[in-house]
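Undergrad: See run.txt below, with compact mmCIF, C-alpha atoms and all ligand atoms.
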# COMPACT_ATOMS: atom_id res chain seq x y z
CA MET A 30 -32.87 -32.71 14.14
CA ILE A 31 -34.54 -34.44 17.06
CA ARG A 32 -37.40 -36.85 17.19
CA SER A 33 -40.67 -35.58 18.64
CA SER A 34 -41.32 -36.83 22.15
CA ASN A 35 -44.87 -37.85 21.23
CA GLU A 36 -43.65 -40.39 18.65
CA LYS A 37 -45.36 -43.30 20.43
CA LYS A 38 -48.75 -41.68 20.10
CA THR A 39 -48.42 -40.36 16.57
CA LYS A 40 -46.66 -41.18 13.34
CA ARG A 41 -42.88 -41.09 13.79
CA ARG A 42 -41.71 -37.60 12.78
CA TRP A 43 -38.51 -35.60 12.85
CA TYR A 44 -38.48 -31.88 13.51
CA PRO A 45 -35.64 -29.38 13.15
CA LEU A 46 -33.85 -29.09 16.51
CA GLU A 47 -33.55 -25.30 16.38
CA ARG A 48 -37.34 -25.03 16.02
CA THR A 49 -38.28 -27.58 18.67
CA SER A 50 -38.83 -27.07 22.40
CA ASP A 51 -40.69 -28.84 25.18
CA VAL A 52 -43.20 -25.99 25.40
CA ILE A 53 -44.32 -23.07 23.23
CA VAL A 54 -45.94 -20.19 25.09
CA VAL A 55 -48.02 -17.90 22.86
CA GLY A 56 -48.08 -14.36 24.28
CA ALA A 57 -45.44 -12.57 26.35
CA GLY A 58 -47.68 -10.63 28.70
CA ILE A 59 -47.23 -11.16 32.43
CA VAL A 60 -49.10 -14.50 32.41
CA GLY A 61 -47.02 -15.97 29.57
CA ALA A 62 -43.74 -14.52 30.82
CA VAL A 63 -44.05 -15.80 34.41
CA LEU A 64 -45.18 -19.19 33.09
CA ALA A 65 -42.23 -19.40 30.67
CA TYR A 66 -39.84 -18.49 33.49
CA LEU A 67 -41.26 -21.10 35.89
CA LEU A 68 -41.26 -23.81 33.23
CA ALA A 69 -37.63 -23.07 32.40
CA HIS A 70 -36.83 -23.03 36.12
CA SER A 71 -38.27 -26.56 36.32
CA GLY A 72 -35.96 -27.74 33.53
CA ARG A 73 -38.24 -27.42 30.47
CA SER A 74 -37.04 -25.88 27.22
CA VAL A 75 -39.37 -23.02 26.29
CA ARG A 76 -39.99 -20.77 23.29
CA MET A 77 -42.24 -17.74 23.84
CA LEU A 78 -43.70 -15.90 20.86
CA ASP A 79 -45.35 -12.48 20.91
CA ARG A 80 -46.86 -10.70 17.96
CA GLY A 81 -45.61 -7.36 19.35
CA LEU A 82 -43.32 -6.36 22.20
CA PRO A 83 -43.42 -8.35 25.47
CA GLY A 84 -45.70 -6.61 27.97
CA GLY A 85 -47.08 -4.36 25.24
CA GLU A 86 -50.74 -5.06 25.97
CA ALA A 87 -52.76 -5.35 29.22
CA SER A 88 -49.68 -6.24 31.26
CA GLY A 89 -48.28 -2.76 30.73
CA ALA A 90 -50.94 -1.40 33.14
CA ARG A 91 -49.23 0.79 35.72
CA ALA A 92 -50.97 -0.01 39.01
CA GLY A 93 -49.81 -3.57 39.80
CA LEU A 94 -52.09 -4.01 42.80
CA LEU A 95 -51.51 -7.35 44.50
CA THR A 96 -54.47 -6.97 46.78
CA THR A 97 -57.21 -9.51 47.26
CA VAL A 98 -59.59 -6.75 48.34
CA ALA A 99 -59.39 -3.73 46.07
CA GLU A 100 -61.32 -4.88 43.01
CA GLY A 101 -63.42 -7.47 44.89
CA SER A 102 -62.19 -11.02 44.45
CA GLY A 103 -65.47 -12.42 45.83
CA LYS A 104 -65.68 -15.46 48.11
CA GLY A 105 -64.77 -19.11 47.67
CA PRO A 106 -62.16 -20.55 45.28
CA TYR A 107 -61.44 -17.20 43.63
CA LEU A 108 -60.63 -15.54 46.94
CA ASP A 109 -58.49 -18.56 47.88
CA LEU A 110 -56.69 -18.32 44.54
CA SER A 111 -55.97 -14.64 45.05
CA VAL A 112 -54.68 -15.25 48.59
CA GLN A 113 -52.35 -17.99 47.29
CA GLY A 114 -51.54 -15.74 44.33
CA LEU A 115 -50.18 -13.06 46.64
CA VAL A 116 -47.97 -15.57 48.47
CA GLU A 117 -46.63 -16.86 45.13
CA MET A 118 -45.99 -13.38 43.75
CA ARG A 119 -44.05 -12.24 46.80
CA THR A 120 -41.87 -15.36 46.53
CA ILE A 121 -41.38 -15.04 42.78
CA ILE A 122 -40.59 -11.31 42.94
CA GLN A 123 -37.93 -11.97 45.59
CA GLN A 124 -36.48 -14.75 43.42
CA LEU A 125 -36.49 -12.53 40.31
CA GLU A 126 -34.82 -9.65 42.15
CA ASP A 127 -32.11 -12.02 43.41
CA GLU A 128 -31.54 -13.51 39.94
CA THR A 129 -31.53 -10.23 38.00
CA GLY A 130 -30.70 -7.44 40.45
CA ILE A 131 -33.77 -5.55 39.14
CA ASP A 132 -35.87 -3.83 41.84
CA CYS A 133 -39.54 -4.48 40.96
CA TRP A 134 -40.76 -1.81 43.40
CA LEU A 135 -42.72 -4.25 45.53
CA GLU A 136 -44.29 -1.95 48.11
CA CYS A 137 -46.74 -2.14 50.95
CA HIS A 138 -49.22 0.57 52.05
CA PRO A 139 -52.38 0.76 54.12
CA LEU A 140 -55.48 0.68 51.90
CA TYR A 141 -58.56 2.85 52.53
CA ARG A 142 -61.73 1.74 50.77
CA ILE A 143 -63.82 4.87 50.96
CA ALA A 144 -67.54 5.57 50.62
CA THR A 145 -68.83 8.98 49.52
CA ASN A 146 -72.60 8.53 49.96
CA GLU A 147 -74.97 6.51 52.15
CA GLN A 148 -75.51 3.74 49.60
CA GLU A 149 -71.77 3.19 49.16
CA ARG A 150 -71.35 3.29 52.93
CA ASP A 151 -73.92 0.50 53.39
CA MET A 152 -72.23 -1.63 50.73
CA MET A 153 -68.78 -0.98 52.16
CA PHE A 154 -69.90 -1.77 55.69
CA ALA A 155 -71.43 -5.07 54.51
CA LEU A 156 -68.14 -5.90 52.78
CA TYR A 157 -66.24 -5.01 55.95
CA GLN A 158 -68.40 -7.41 58.00
CA GLU A 159 -67.91 -10.15 55.39
CA ARG A 160 -64.14 -9.64 55.43
CA ARG A 161 -64.03 -9.78 59.23
CA GLN A 162 -66.00 -13.04 59.20
CA LEU A 163 -63.42 -14.47 56.80
CA GLY A 164 -60.67 -13.54 59.28
CA GLY A 165 -59.59 -10.28 57.57
CA GLN A 166 -57.60 -7.62 59.46
CA GLU A 167 -59.69 -4.64 58.27
CA ASP A 168 -61.00 -1.83 60.52
CA TRP A 169 -64.09 0.31 60.04
CA LEU A 170 -63.60 4.09 60.30
CA GLU A 171 -66.33 6.69 60.76
CA PRO A 172 -65.96 9.95 58.76
CA GLU A 173 -64.37 11.93 61.63
CA GLN A 174 -61.82 9.11 62.22
CA VAL A 175 -60.95 9.12 58.51
CA ARG A 176 -60.46 12.91 58.58
CA ARG A 177 -58.23 12.66 61.65
CA GLU A 178 -56.07 9.94 60.10
CA GLN A 179 -56.00 11.26 56.55
CA PRO A 180 -56.78 15.01 56.39
CA LEU A 181 -55.92 14.95 52.66
CA PHE A 182 -59.08 12.98 51.87
CA SER A 183 -62.25 14.61 50.56
CA PRO A 184 -64.59 15.90 53.33
CA ARG A 185 -67.45 14.11 51.50
CA ILE A 186 -66.36 10.71 52.83
CA THR A 187 -69.15 8.85 54.67
CA GLY A 188 -67.03 5.98 56.01
CA ALA A 189 -64.02 3.82 55.17
CA MET A 190 -62.69 0.30 55.54
CA ARG A 191 -58.97 0.28 56.26
CA SER A 192 -56.67 -2.68 55.54
CA PRO A 193 -53.42 -2.39 57.49
CA GLN A 194 -51.23 -3.32 54.54
CA GLU A 195 -51.67 -4.26 50.91
CA TYR A 196 -48.98 -4.93 48.33
CA HIS A 197 -48.36 -3.52 44.88
CA VAL A 198 -45.60 -3.86 42.33
CA THR A 199 -44.62 -1.90 39.24
CA PRO A 200 -45.60 -4.11 36.27
CA GLY A 201 -43.05 -2.64 33.83
CA LEU A 202 -40.19 -3.49 36.20
CA LEU A 203 -41.67 -6.89 37.01
CA LEU A 204 -41.85 -7.72 33.31
CA LYS A 205 -38.30 -6.53 32.75
CA ALA A 206 -37.10 -8.80 35.58
CA VAL A 207 -39.10 -11.85 34.55
CA LEU A 208 -38.03 -11.59 30.90
CA GLN A 209 -34.38 -11.22 31.86
CA ALA A 210 -34.58 -14.15 34.31
CA ALA A 211 -36.41 -16.26 31.71
CA ARG A 212 -33.73 -15.54 29.10
CA GLN A 213 -31.02 -16.34 31.66
CA ARG A 214 -32.68 -19.75 32.06
CA GLY A 215 -32.69 -20.36 28.32
CA VAL A 216 -36.18 -19.23 27.27
CA ILE A 217 -36.18 -18.09 23.64
CA VAL A 218 -38.27 -14.90 23.48
CA GLN A 219 -39.36 -13.97 19.96
CA GLU A 220 -41.05 -10.61 19.58
CA ASN A 221 -42.91 -9.36 16.51
CA THR A 222 -43.88 -12.97 15.77
CA ALA A 223 -47.64 -13.45 15.50
CA VAL A 224 -48.89 -17.02 15.75
CA THR A 225 -51.30 -17.54 12.89
CA ALA A 226 -52.16 -21.27 13.02
CA PHE A 227 -51.67 -24.53 14.89
CA LEU A 228 -49.75 -27.49 13.49
CA THR A 229 -51.74 -30.63 14.15
CA GLU A 230 -51.57 -34.39 13.69
CA GLY A 231 -55.00 -35.89 14.22
CA HIS A 232 -56.26 -34.44 17.50
CA ARG A 233 -52.81 -33.53 18.73
CA VAL A 234 -51.30 -30.05 18.47
CA ILE A 235 -47.61 -30.44 17.63
CA GLY A 236 -46.65 -26.80 17.21
CA VAL A 237 -47.60 -23.44 15.78
CA ALA A 238 -47.16 -21.49 12.57
CA ALA A 239 -46.15 -17.86 12.54
CA GLY A 240 -46.75 -17.03 8.90
CA MET A 241 -44.39 -19.27 6.93
CA GLU A 242 -42.31 -20.21 10.00
CA HIS A 243 -43.11 -23.42 11.89
CA TYR A 244 -42.21 -24.19 15.52
CA TYR A 245 -42.70 -27.55 17.23
CA ALA A 246 -43.30 -28.57 20.84
CA ASP A 247 -44.91 -31.24 23.01
CA HIS A 248 -47.13 -28.58 24.54
CA VAL A 249 -48.54 -25.28 23.26
CA ILE A 250 -49.94 -22.90 25.89
CA LEU A 251 -52.06 -19.96 24.80
CA ALA A 252 -51.38 -17.01 27.08
CA ASN A 253 -52.34 -14.38 24.56
CA GLY A 254 -54.84 -12.61 26.77
CA ALA A 255 -57.93 -11.08 25.20
CA TRP A 256 -56.91 -12.49 21.81
CA SER A 257 -56.98 -16.18 22.87
CA PRO A 258 -60.46 -16.85 21.39
CA ASN A 259 -59.35 -15.69 17.94
CA LEU A 260 -56.71 -18.42 17.65
CA LEU A 261 -58.89 -21.09 19.24
CA LYS A 262 -61.58 -20.59 16.59
CA LEU A 263 -59.06 -22.19 14.20
CA VAL A 264 -59.41 -25.50 16.07
CA GLY A 265 -63.18 -25.22 16.50
CA ILE A 266 -63.17 -24.01 20.13
CA ASP A 267 -65.38 -21.07 21.04
CA LEU A 268 -63.66 -19.75 24.18
CA PRO A 269 -65.90 -17.21 25.97
CA VAL A 270 -63.25 -14.56 26.65
CA THR A 271 -63.83 -10.91 25.76
CA PRO A 272 -61.79 -7.71 26.15
CA LEU A 273 -62.59 -5.52 29.17
CA ARG A 274 -61.06 -2.12 28.47
CA GLY A 275 -59.24 -0.26 31.22
CA GLN A 276 -57.99 3.33 31.03
CA MET A 277 -55.71 4.97 33.57
CA LEU A 278 -53.76 8.14 34.33
CA VAL A 279 -50.38 8.72 35.96
CA VAL A 280 -50.11 12.04 37.85
CA SER A 281 -47.80 13.80 40.30
CA LEU A 282 -47.90 16.95 42.42
CA SER A 283 -44.71 18.64 43.49
CA GLY A 284 -44.06 18.22 47.24
CA PHE A 285 -47.03 15.85 47.64
CA ASN A 286 -46.70 12.22 48.71
CA LEU A 287 -49.76 10.03 48.98
CA PRO A 288 -49.17 7.88 52.12
CA CYS A 289 -51.68 5.11 51.32
CA LEU A 290 -53.67 3.26 48.68
CA ILE A 291 -57.20 4.51 48.09
CA ASN A 292 -60.08 2.56 46.60
CA THR A 293 -63.38 4.25 45.75
CA ALA A 294 -66.51 2.82 44.15
CA ARG A 295 -65.11 4.03 40.80
CA GLY A 296 -61.43 3.12 41.01
CA TYR A 297 -58.18 3.50 42.90
CA LEU A 298 -55.12 5.66 43.59
CA VAL A 299 -51.74 3.93 43.92
CA PRO A 300 -48.62 5.84 45.05
CA LYS A 301 -45.33 4.74 43.47
CA LYS A 302 -41.75 5.08 44.71
CA ASP A 303 -40.96 7.96 42.36
CA GLY A 304 -43.79 10.08 43.85
CA ARG A 305 -46.12 9.47 40.91
CA ILE A 306 -49.69 8.34 41.54
CA VAL A 307 -51.49 5.85 39.31
CA VAL A 308 -55.20 6.55 38.92
CA GLY A 309 -57.24 3.62 37.64
CA ALA A 310 -59.22 2.25 36.08
CA THR A 311 -62.27 2.13 33.85
CA GLN A 312 -63.98 -1.19 33.11
CA GLU A 313 -65.61 -0.97 29.68
CA HIS A 314 -67.00 -3.45 27.17
CA ALA A 315 -65.78 -1.69 24.03
CA GLY A 316 -64.54 -4.57 21.89
CA TYR A 317 -60.92 -4.36 20.74
CA ALA A 318 -60.90 -0.52 20.52
CA LYS A 319 -57.79 0.48 22.51
CA GLU A 320 -58.64 4.15 22.87
CA ILE A 321 -58.31 6.82 25.55
CA THR A 322 -61.70 8.52 25.61
CA VAL A 323 -63.13 11.72 27.07
CA ALA A 324 -65.59 9.62 29.09
CA GLY A 325 -62.71 7.52 30.41
CA ILE A 326 -60.66 10.53 31.52
CA SER A 327 -63.72 12.13 33.08
CA HIS A 328 -64.34 8.90 35.06
CA LEU A 329 -60.73 8.91 36.29
CA LEU A 330 -60.94 12.57 37.36
CA LYS A 331 -63.85 11.60 39.63
CA VAL A 332 -61.62 8.93 41.21
CA LEU A 333 -58.92 11.57 41.67
CA SER A 334 -61.35 13.85 43.51
CA ALA A 335 -61.01 11.55 46.57
CA VAL A 336 -57.93 13.71 47.28
CA PRO A 337 -58.95 17.30 46.40
CA ALA A 338 -55.34 18.60 46.33
CA LEU A 339 -54.69 16.43 43.28
CA VAL A 340 -56.74 18.66 40.96
CA GLN A 341 -53.47 20.65 40.70
CA ALA A 342 -51.49 17.53 39.73
CA ARG A 343 -49.58 17.23 36.49
CA ILE A 344 -50.62 14.42 34.10
CA HIS A 345 -47.54 12.39 33.11
CA ASP A 346 -49.05 9.57 31.18
CA THR A 347 -52.19 7.77 30.14
CA PHE A 348 -52.63 4.05 29.57
CA VAL A 349 -55.25 1.86 27.97
CA GLY A 350 -55.29 -1.93 27.92
CA LEU A 351 -57.65 -4.81 27.19
CA ARG A 352 -58.10 -7.24 30.07
CA PRO A 353 -59.03 -10.82 29.13
CA MET A 354 -62.42 -11.44 30.75
CA SER A 355 -63.97 -14.92 30.81
CA SER A 356 -67.75 -15.48 30.84
CA ASP A 357 -67.75 -16.17 34.61
CA GLY A 358 -65.03 -13.63 35.43
CA MET A 359 -62.53 -16.26 36.62
CA PRO A 360 -59.27 -17.43 35.02
CA LEU A 361 -59.08 -20.35 32.60
CA ILE A 362 -56.04 -22.51 33.34
CA GLY A 363 -55.30 -25.93 31.87
CA PRO A 364 -55.78 -28.29 28.93
CA LEU A 365 -58.32 -27.69 26.18
CA PRO A 366 -60.81 -30.54 25.80
CA GLY A 367 -60.59 -32.46 22.54
CA TRP A 368 -56.95 -31.58 21.80
CA GLU A 369 -53.80 -33.18 23.15
CA GLY A 370 -50.90 -30.84 23.74
CA LEU A 371 -53.02 -27.64 23.70
CA HIS A 372 -53.54 -25.59 26.86
CA VAL A 373 -54.67 -22.14 27.90
CA ALA A 374 -53.79 -19.65 30.64
CA THR A 375 -56.03 -16.63 30.24
CA GLY A 376 -59.15 -14.86 31.50
CA HIS A 377 -57.39 -13.17 34.44
CA ALA A 378 -59.41 -9.97 33.96
CA GLN A 379 -58.61 -7.41 36.72
CA HIS A 380 -56.14 -9.67 38.56
CA GLY A 381 -53.61 -10.93 36.02
CA ILE A 382 -50.58 -9.42 37.73
CA LEU A 383 -51.65 -10.85 41.11
CA LEU A 384 -52.50 -14.27 39.65
CA SER A 385 -49.65 -14.76 37.19
CA GLY A 386 -47.49 -16.59 39.76
CA ILE A 387 -50.10 -19.08 40.95
CA THR A 388 -51.19 -19.67 37.33
CA GLY A 389 -47.59 -20.40 36.32
CA ARG A 390 -47.10 -22.74 39.28
CA MET A 391 -50.28 -24.70 38.50
CA MET A 392 -49.50 -25.09 34.79
CA THR A 393 -45.88 -26.03 35.47
CA ALA A 394 -46.92 -28.69 38.00
CA TYR A 395 -49.53 -30.07 35.61
CA LEU A 396 -47.16 -30.29 32.63
CA ASN A 397 -44.49 -31.92 34.80
CA GLY A 398 -46.92 -34.61 35.99
CA GLU A 399 -47.08 -33.15 39.51
CA ASP A 400 -50.11 -32.14 41.58
CA PRO A 401 -51.29 -28.63 40.60
CA GLY A 402 -53.18 -28.38 43.92
CA GLU A 403 -56.79 -28.77 44.97
CA LEU A 404 -57.83 -25.30 43.78
CA TRP A 405 -56.88 -25.96 40.18
CA ARG A 406 -60.03 -27.90 39.28
CA HIS A 407 -62.15 -24.75 39.81
CA PHE A 408 -60.28 -22.91 37.07
CA GLN A 409 -60.17 -25.47 34.28
CA VAL A 410 -61.62 -24.61 30.91
CA GLN A 411 -64.34 -27.24 30.68
CA ARG A 412 -66.66 -25.29 32.99
CA VAL A 413 -67.19 -22.39 30.58
CA LEU A 414 -67.38 -24.55 27.47
CA THR A 415 -70.11 -26.68 29.10
CA CYS A 416 -71.99 -23.56 30.22
CA LYS A 417 -71.95 -22.25 26.67
CA ALA A 418 -73.20 -25.51 25.19
CA GLU A 419 -76.05 -25.54 27.71
CA THR A 420 -77.15 -22.00 26.97
CA GLU A 421 -77.20 -22.71 23.24
CA VAL A 422 -79.62 -25.64 23.55
C1 LIG A 501 -55.97 -0.44 33.29
C2 LIG A 501 -55.65 -1.79 33.87
C3 LIG A 501 -55.28 -1.89 35.21
C4 LIG A 501 -54.98 -3.14 35.77
N1 LIG A 501 -54.58 -3.22 37.08
C5 LIG A 501 -54.24 -4.43 37.60
C6 LIG A 501 -53.78 -4.53 38.94
O1 LIG A 501 -53.63 -3.53 39.64
N2 LIG A 501 -53.47 -5.77 39.43
C7 LIG A 501 -53.61 -6.91 38.68
O2 LIG A 501 -53.34 -8.00 39.19
N3 LIG A 501 -54.05 -6.83 37.39
C8 LIG A 501 -54.37 -5.63 36.86
N4 LIG A 501 -54.84 -5.55 35.58
C9 LIG A 501 -55.11 -6.78 34.84
C10 LIG A 501 -53.85 -7.34 34.23
O3 LIG A 501 -53.11 -6.30 33.64
C11 LIG A 501 -54.24 -8.41 33.20
O4 LIG A 501 -55.08 -9.38 33.78
C12 LIG A 501 -52.99 -9.10 32.70
O5 LIG A 501 -52.08 -8.15 32.20
C13 LIG A 501 -53.31 -10.12 31.62
O6 LIG A 501 -52.08 -10.62 31.20
P1 LIG A 501 -51.95 -11.56 29.95
O7 LIG A 501 -50.53 -11.94 29.86
O8 LIG A 501 -52.99 -12.63 30.04
O9 LIG A 501 -52.43 -10.65 28.71
P2 LIG A 501 -51.67 -9.49 27.91
O10 LIG A 501 -50.81 -8.66 28.78
O11 LIG A 501 -52.71 -8.78 27.12
O12 LIG A 501 -50.69 -10.29 26.98
C14 LIG A 501 -51.12 -11.04 25.88
C15 LIG A 501 -49.99 -11.03 24.86
O13 LIG A 501 -50.34 -11.90 23.80
C16 LIG A 501 -49.85 -11.34 22.60
N5 LIG A 501 -50.58 -11.93 21.48
C17 LIG A 501 -51.88 -11.78 21.15
N6 LIG A 501 -52.18 -12.51 20.06
C18 LIG A 501 -51.04 -13.14 19.69
C19 LIG A 501 -50.70 -14.03 18.63
N7 LIG A 501 -51.60 -14.43 17.73
N8 LIG A 501 -49.42 -14.48 18.55
C20 LIG A 501 -48.48 -14.09 19.46
N9 LIG A 501 -48.76 -13.24 20.47
C21 LIG A 501 -50.02 -12.78 20.59
C22 LIG A 501 -50.06 -9.85 22.77
O14 LIG A 501 -49.20 -9.11 21.92
C23 LIG A 501 -49.76 -9.65 24.25
O15 LIG A 501 -48.42 -9.25 24.48
C24 LIG A 501 -55.09 -4.30 34.98
C25 LIG A 501 -55.44 -4.20 33.63
C26 LIG A 501 -55.71 -2.96 33.07
C27 LIG A 501 -56.05 -2.86 31.61
Represent the structure contained in this file as structure tokens.

TA:
Amino acid sequence: MIRSSNEKKTKRRWYPLERTSDVIVVGAGIVGAVLAYLLAHSGRSVRMLDRGLPGGEASGARAGLLTTVAEGSGKGPYLDLSVQGLVEMRTIIQQLEDETGIDCWLECHPLYRIATNEQERDMMFALYQERRQLGGQEDWLEPEQVRREQPLFSPRITGAMRSPQEYHVTPGLLLKAVLQAARQRGVIVQENTAVTAFLTEGHRVIGVAAGMEHYYADHVILANGAWSPNLLKLVGIDLPVTPLRGQMLVVSLSGFNLPCLINTARGYLVPKKDGRIVVGATQEHAGYAKEITVAGISHLLKVLSAVPALVQARIHDTFVGLRPMSSDGMPLIGPLPGWEGLHVATGHAQHGILLSGITGRMMTAYLNGEDPGELWRHFQVQRVLTCKAETEV
């Protein structure tokens, strides 16, 4: 038995040692797993609970793009976060590979953002000009230049923006590495353990319940993705996060290697080291229905038509996941107002793989009493709770 570290603030209590840690992380997707690893790396004892298998939800998505361009990170703090996110992820992946010997398939390819009609061309060209003004390295290619460089592309292309190099990783391997490294640093990972309630003393959260089992900690961090609002309702917080469904395909064609990343108005193609190509992804508001649909596949086949040869490709796999989408589309990172010891790291929508490292760094710094950085204030939770209250008046 040890005494809780918050004894000065609350009634003196004793909790069973084997059920007590500095931090409990709820959810072992990429956001929770990287956070648990970084906290343990900083010397904190961590227990991570997942109601299913680690990485079994959105974080199992196959593409793993680490690009700040492909799905439009916008301008301002979100773009800055994604730029810092890439730096963090490259560092963390290197560290994980060194610690575990697992190759996460971090790769780098040129990216072509292609337009296939005049309207898309105008939008793409405007984006190109914006990126150049922000100091980006992109080039603009007219249709004949695209055809010369990439004869595999559809002849219907009306223009393209080319980034010289963009990174991507294979999320399944990244998760394997981060979970192994986390365990090596003492993180207790409990799968098939659904958190069902919070343990509270006054306005302090002192742990969680998973059915009849109780676990105690100074800090509880919700990193349970699209399901975060469901738990927060239990403590009277209405977190505006909803599931954004994404479907994808994995294909390959014998003797064919895609030499670049492609982004169209509908989605993207990502070549992987084993020759397979990930085709993603739909963005659908369909509640919690995790289903592969005819409409979804038909959407992905249109993405695939950017490279006509791929109509002959073999389909290896399909994937569907629910991205956690906040009401303003940006992540929610930090303490929850009104409750001591309760925090959230969610709402990463289309960029959770890219942003898991910077999110983990910010939360770790904050919990350790260090400076989480200037950017952090833009991503705290209060902003969406206030917005909601205002719209309800
Ligand atoms: C098709 C698709 C393609 C994508 N492509 C990219 C990409 O290229 N690049 C990129 O950066 N991002 C991409 N994303 C987004 C990225 O996958 C997500 O933002 C990220 O996975 C979110 O991670 P998470 O850990 O917050 O959530 P999740 O991975 O959903 O993890 C949440 C975990 O919480 C657990 N959980 C839920 N409730 C409870 C409970 N009560 N108790 C315990 N555990 C619980 C779940 O079992 C789950 O394991 C893509 C997403 C999809 C769907």

Undergrad: What does the list of residues within 7 Å of ligand LIG 501 (chain A) look like if you count only C-alpha atoms and all ligand atoms, written as an NGL selection string?

TA: :A and (55-61 or 78-95 or 222-225 or 252-257 or 260 or 274-277 or 309-311 or 348-353 or 375-384)

Undergrad: For A:Ile186, which residue out of A:Ile143, A:Leu278, A:Val336, A:Val198 is the nearest one, using all atoms listed in the file?

TA: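 Looking only at the distances to A:Ile186, the closest residue turns out to be A:Ile143.
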
Undergrad: If we count all atoms listed in the file, what is near A:Glu147 at a cut-off of 12 Å, once residues fewer than 6 positions away on the same chain are taken out, given as an mmCIF file with C-alpha atoms, in the coordinates of the input?

TA:
data_model
loop_
_atom_site.group_PDB
_atom_site.id
_atom_site.type_symbol
_atom_site.label_atom_id
_atom_site.label_comp_id
_atom_site.auth_asym_id
_atom_site.auth_seq_id
_atom_site.Cartn_x
_atom_site.Cartn_y
_atom_site.Cartn_z
ATOM 1 C CA MET A 153 -68.780 -0.980 52.160
ATOM 2 C CA PHE A 154 -69.900 -1.770 55.690
ATOM 3 C CA PRO A 172 -65.960 9.950 58.760
ATOM 4 C CA ARG A 185 -67.450 14.110 51.500
ATOM 5 C CA ILE A 186 -66.360 10.710 52.830
ATOM 6 C CA THR A 187 -69.150 8.850 54.670
ATOM 7 C CA GLY A 188 -67.030 5.980 56.010
ATOM 8 C CA ALA A 189 -64.020 3.820 55.170
#

Undergrad: Which is closest to A:Arg191 among A:Arg73, A:Lys262, A:His328, A:Arg160, if we use only C-alpha atoms?

TA: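 Of the candidates, the smallest distance to A:Arg191 is held by A:Arg160.
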
Undergrad: Which polymer residues have any atom within 8 Å of an atom of A:Gly304, counting all atoms listed in the file, with same-chain residues fewer than 5 positions away left out, as a count of residues only?

TA: 4

Undergrad: Grab the atom CA of A:Val307 to atom CA of A:Ala294 distance for me, in Å with one decimal place.

TA: 16.1 Å
